[in-house]
Amino acid sequence: MDAGTQDILGLIPAAGRAERLHGLPKYLLPLPDGFLLRTTVQRVKAVGADPMIAANDENYNLITRYAGVEPGVSVNVTKPAHGMPGTILNLIRFAYAGYRGYLCIMPDTYWSDKTLLPRMVDAMRSGADLVIGAFRAAPGQSAKLGMIDNAGGRLVIRDKPGVLSELILAWGVLLWQHPLLPFIDPDDPHMGDFINRVSMAGCRVDVVTAVGRFWDCGTFDEYAELIKVLTKRDRRGTRVS
């Protein structure tokens, strides 16, 4: 692949079937100031990245209807893939191989730290090959998130669904340089394998830790908790977020 000539592509993979929410479109979950996907798009644009939403045949029209009101947002139907790595790689190879960096944000996540993405971009511009946006896991979250193990001198992602972990940090956002594209294997079930492959190759991997909470809105309990937090008012009437 040729070296990228543009800057950063903000990948928002929304081609899943939302099985945990019985088919409900997680990215269109309502928030007090809009909906989840719009918040994600705005965060991508705020760091100067070009937002690109990956859709499937079933939800393309739905996403276009809501995300199309945002200028400069691309919505593309991706070919079915084995997992998230294949979905991402299909899109990049198809039309987006000309970027210097790739920012990947899951469409069903929300976090309170507005400085996270700018700090990740700064880390990449300072020479990091891969930047991981990390979050301190709340009680119970470690059983469903990829956890970061840095104790052995080389970063490793431990992914054990359904098993609580003693590890503290979970990965939630990724930003990588163009030369790392060959490290993505379309047959991998999730992006944790990509992270581990890059780490084992001796590339520079920076971890940028968010301040505040992280919510996985792919499950109703965390979405309900997020809404409670976002609608809570302090004494001055300002929304707490």
# chains A, B, ... in the order shown; residues from 1 in each chain; ligands from 1

call {"tool": "select_by_dssp", "arguments": {"residues": "stretch 9-217 of chain A", "states": "strand (DSSP E or B)", "output": "PyMOL selection string"}}
result
chain A and resi 9-13+30-31+34-35+50-55+74-77+99-105+109-111+130-136+147-149+156-158+169-177+205-209+214-216

call {"tool": "select_by_dssp", "arguments": {"residues": "stretch 38-174 of chain A", "states": "helix (DSSP H, G or I)", "output": "JSON, numbers by chain"}}
result
{"A": [38, 39, 40, 41, 42, 43, 44, 45, 46, 60, 61, 62, 63, 64, 65, 66, 67, 84, 85, 86, 87, 88, 89, 90, 91, 92, 93, 94, 95, 116, 117, 118, 119, 120, 121, 122, 123, 124, 125, 141, 142, 143]}

call {"tool": "write_last_selection", "arguments": {"atoms": "N, CA and C atoms", "output": "CSV table (one decimal), in the first residue's frame"}}
result
chain,number,residue,atom,x,y,z
A,38,ARG,N,-24.3,10.9,16.4
A,38,ARG,CA,-24.0,12.3,16.1
A,38,ARG,C,-22.9,12.8,17.0
A,39,THR,N,-23.0,12.4,18.3
A,39,THR,CA,-21.9,12.7,19.2
A,39,THR,C,-20.6,12.2,18.8
A,40,THR,N,-20.5,10.9,18.3
A,40,THR,CA,-19.3,10.3,17.8
A,40,THR,C,-18.8,11.1,16.6
A,41,VAL,N,-19.6,11.4,15.7
A,41,VAL,CA,-19.2,12.1,14.5
A,41,VAL,C,-18.6,13.5,14.8
A,42,GLN,N,-19.3,14.2,15.8
A,42,GLN,CA,-18.8,15.5,16.2
A,42,GLN,C,-17.4,15.4,16.8
A,43,ARG,N,-17.2,14.4,17.6
A,43,ARG,CA,-15.9,14.2,18.2
A,43,ARG,C,-14.8,13.9,17.2
A,44,VAL,N,-15.1,13.1,16.2
A,44,VAL,CA,-14.2,12.8,15.1
A,44,VAL,C,-13.8,14.1,14.4
A,45,LYS,N,-14.8,14.9,14.0
A,45,LYS,CA,-14.6,16.1,13.3
A,45,LYS,C,-13.8,17.2,14.1
A,46,ALA,N,-14.0,17.1,15.4
A,46,ALA,CA,-13.3,18.1,16.3
A,46,ALA,C,-11.8,18.0,16.3
A,60,TYR,N,-28.2,1.1,5.9
A,60,TYR,CA,-27.6,2.2,5.2
A,60,TYR,C,-28.6,3.4,5.1
A,61,ASN,N,-29.8,3.2,4.7
A,61,ASN,CA,-30.8,4.3,4.5
A,61,ASN,C,-31.0,4.9,5.8
A,62,LEU,N,-31.1,4.1,6.9
A,62,LEU,CA,-31.4,4.7,8.2
A,62,LEU,C,-30.2,5.6,8.7
A,63,ILE,N,-29.0,5.1,8.5
A,63,ILE,CA,-27.9,5.9,8.9
A,63,ILE,C,-27.7,7.2,8.1
A,64,THR,N,-27.9,7.0,6.8
A,64,THR,CA,-27.8,8.2,5.9
A,64,THR,C,-28.9,9.2,6.2
A,65,ARG,N,-30.0,8.8,6.6
A,65,ARG,CA,-31.1,9.8,7.0
A,65,ARG,C,-30.7,10.6,8.2
A,66,TYR,N,-30.0,10.0,9.2
A,66,TYR,CA,-29.7,10.8,10.4
A,66,TYR,C,-28.3,11.4,10.3
A,67,ALA,N,-27.3,10.7,9.8
A,67,ALA,CA,-26.0,11.2,9.7
A,67,ALA,C,-25.8,12.1,8.5
A,84,MET,N,-14.8,-7.5,13.1
A,84,MET,CA,-14.5,-6.1,12.9
A,84,MET,C,-13.2,-5.8,12.1
A,85,PRO,N,-12.1,-6.5,12.3
A,85,PRO,CA,-10.9,-6.3,11.5
A,85,PRO,C,-11.2,-6.4,10.0
A,86,GLY,N,-11.9,-7.4,9.6
A,86,GLY,CA,-12.2,-7.6,8.2
A,86,GLY,C,-13.1,-6.5,7.6
A,87,THR,N,-14.0,-6.0,8.4
A,87,THR,CA,-14.9,-4.9,8.0
A,87,THR,C,-14.1,-3.7,7.8
A,88,ILE,N,-13.2,-3.4,8.7
A,88,ILE,CA,-12.3,-2.2,8.6
A,88,ILE,C,-11.4,-2.3,7.4
A,89,LEU,N,-10.8,-3.4,7.2
A,89,LEU,CA,-9.8,-3.6,6.1
A,89,LEU,C,-10.5,-3.5,4.8
A,90,ASN,N,-11.7,-4.1,4.7
A,90,ASN,CA,-12.5,-4.0,3.4
A,90,ASN,C,-12.7,-2.6,3.0
A,91,LEU,N,-13.1,-1.7,3.9
A,91,LEU,CA,-13.4,-0.3,3.6
A,91,LEU,C,-12.1,0.4,3.2
A,92,ILE,N,-11.0,0.2,4.0
A,92,ILE,CA,-9.8,1.0,3.7
A,92,ILE,C,-9.3,0.6,2.3
A,93,ARG,N,-9.2,-0.7,2.1
A,93,ARG,CA,-8.7,-1.2,0.8
A,93,ARG,C,-9.6,-0.7,-0.4
A,94,PHE,N,-10.9,-0.5,-0.1
A,94,PHE,CA,-11.8,-0.1,-1.2
A,94,PHE,C,-11.6,1.3,-1.6
A,95,ALA,N,-11.5,2.2,-0.7
A,95,ALA,CA,-11.5,3.6,-1.1
A,95,ALA,C,-10.8,4.6,-0.1
A,116,LEU,N,-9.6,13.4,25.3
A,116,LEU,CA,-9.0,12.1,25.0
A,116,LEU,C,-8.5,12.1,23.5
A,117,LEU,N,-9.4,12.4,22.6
A,117,LEU,CA,-9.0,12.3,21.2
A,117,LEU,C,-7.9,13.3,20.8
A,118,PRO,N,-8.0,14.6,21.3
A,118,PRO,CA,-6.9,15.5,21.0
A,118,PRO,C,-5.5,15.0,21.5
A,119,ARG,N,-5.6,14.4,22.7
A,119,ARG,CA,-4.3,13.8,23.3
A,119,ARG,C,-3.8,12.6,22.5
A,120,MET,N,-4.7,11.8,22.0
A,120,MET,CA,-4.3,10.7,21.1
A,120,MET,C,-3.7,11.2,19.8
A,121,VAL,N,-4.3,12.2,19.2
A,121,VAL,CA,-3.7,12.7,18.0
A,121,VAL,C,-2.3,13.3,18.2
A,122,ASP,N,-2.1,14.0,19.4
A,122,ASP,CA,-0.8,14.5,19.7
A,122,ASP,C,0.2,13.4,19.9
A,123,ALA,N,-0.2,12.3,20.5
A,123,ALA,CA,0.7,11.2,20.6
A,123,ALA,C,1.1,10.6,19.3
A,124,MET,N,0.2,10.5,18.3
A,124,MET,CA,0.6,10.0,17.0
A,124,MET,C,1.5,10.9,16.3
A,125,ARG,N,1.2,12.2,16.4
A,125,ARG,CA,2.1,13.2,15.7
A,125,ARG,C,3.5,13.2,16.4
A,141,GLN,N,-17.3,-4.2,34.1
A,141,GLN,CA,-17.0,-4.0,32.7
A,141,GLN,C,-15.9,-4.8,32.2
A,142,SER,N,-15.0,-5.3,33.1
A,142,SER,CA,-13.8,-6.1,32.6
A,142,SER,C,-14.2,-7.4,32.0
A,143,ALA,N,-15.5,-7.8,32.3
A,143,ALA,CA,-15.9,-9.1,31.7
A,143,ALA,C,-16.4,-9.0,30.3

call {"tool": "atom_distance", "arguments": {"atom1": "atom CA of A:Gly101", "atom2": "atom CA of A:Val205"}}
result
14.1 Å

call {"tool": "closest_residue", "arguments": {"among": "A:Asp108, A:Asp185, A:Asp7, A:Glu222", "to": "A:Val47", "atoms": "only C-alpha atoms"}}
result
A:Asp7

call {"tool": "residues_around", "arguments": {"residues": "A:Ser199", "least_positions_apart": "4", "cutoff": "9 Å", "atoms": "only C-alpha atoms", "output": "list of chain:residue names"}}
result
A:Leu130, A:Arg154, A:Leu155, A:Val156, A:Phe194, A:Ile195, A:Cys203, A:Arg204, A:Val205

call {"tool": "write_last_selection", "arguments": {"atoms": "N, CA and C atoms", "output": "PDB file, in the first residue's frame"}}
result
ATOM      1  N   LEU A 130       1.008   3.282  17.114  1.00  0.00           N
ATOM      2  CA  LEU A 130      -0.356   2.950  17.515  1.00  0.00           C
ATOM      3  C   LEU A 130      -0.652   3.639  18.835  1.00  0.00           C
ATOM      4  N   ARG A 154       5.741  -5.801  27.836  1.00  0.00           N
ATOM      5  CA  ARG A 154       5.200  -5.591  26.499  1.00  0.00           C
ATOM      6  C   ARG A 154       3.679  -5.641  26.589  1.00  0.00           C
ATOM      7  N   LEU A 155       3.030  -4.650  26.025  1.00  0.00           N
ATOM      8  CA  LEU A 155       1.581  -4.537  26.151  1.00  0.00           C
ATOM      9  C   LEU A 155       0.864  -5.708  25.473  1.00  0.00           C
ATOM     10  N   VAL A 156      -0.119  -6.275  26.173  1.00  0.00           N
ATOM     11  CA  VAL A 156      -0.921  -7.372  25.642  1.00  0.00           C
ATOM     12  C   VAL A 156      -2.381  -7.099  25.989  1.00  0.00           C
ATOM     13  N   PHE A 194      -5.034  -7.359  16.507  1.00  0.00           N
ATOM     14  CA  PHE A 194      -4.236  -6.363  15.798  1.00  0.00           C
ATOM     15  C   PHE A 194      -3.313  -5.634  16.765  1.00  0.00           C
ATOM     16  N   ILE A 195      -3.844  -5.220  17.912  1.00  0.00           N
ATOM     17  CA  ILE A 195      -3.030  -4.532  18.911  1.00  0.00           C
ATOM     18  C   ILE A 195      -1.876  -5.417  19.360  1.00  0.00           C
ATOM     19  N   CYS A 203       6.717  -2.261  17.669  1.00  0.00           N
ATOM     20  CA  CYS A 203       6.322  -0.902  17.284  1.00  0.00           C
ATOM     21  C   CYS A 203       6.038  -0.070  18.527  1.00  0.00           C
ATOM     22  N   ARG A 204       6.071   1.229  18.365  1.00  0.00           N
ATOM     23  CA  ARG A 204       5.783   2.116  19.490  1.00  0.00           C
ATOM     24  C   ARG A 204       4.276   2.175  19.718  1.00  0.00           C
ATOM     25  N   VAL A 205       3.858   1.729  20.890  1.00  0.00           N
ATOM     26  CA  VAL A 205       2.448   1.746  21.263  1.00  0.00           C
ATOM     27  C   VAL A 205       2.280   2.650  22.486  1.00  0.00           C
TER      28      VAL A 205
END
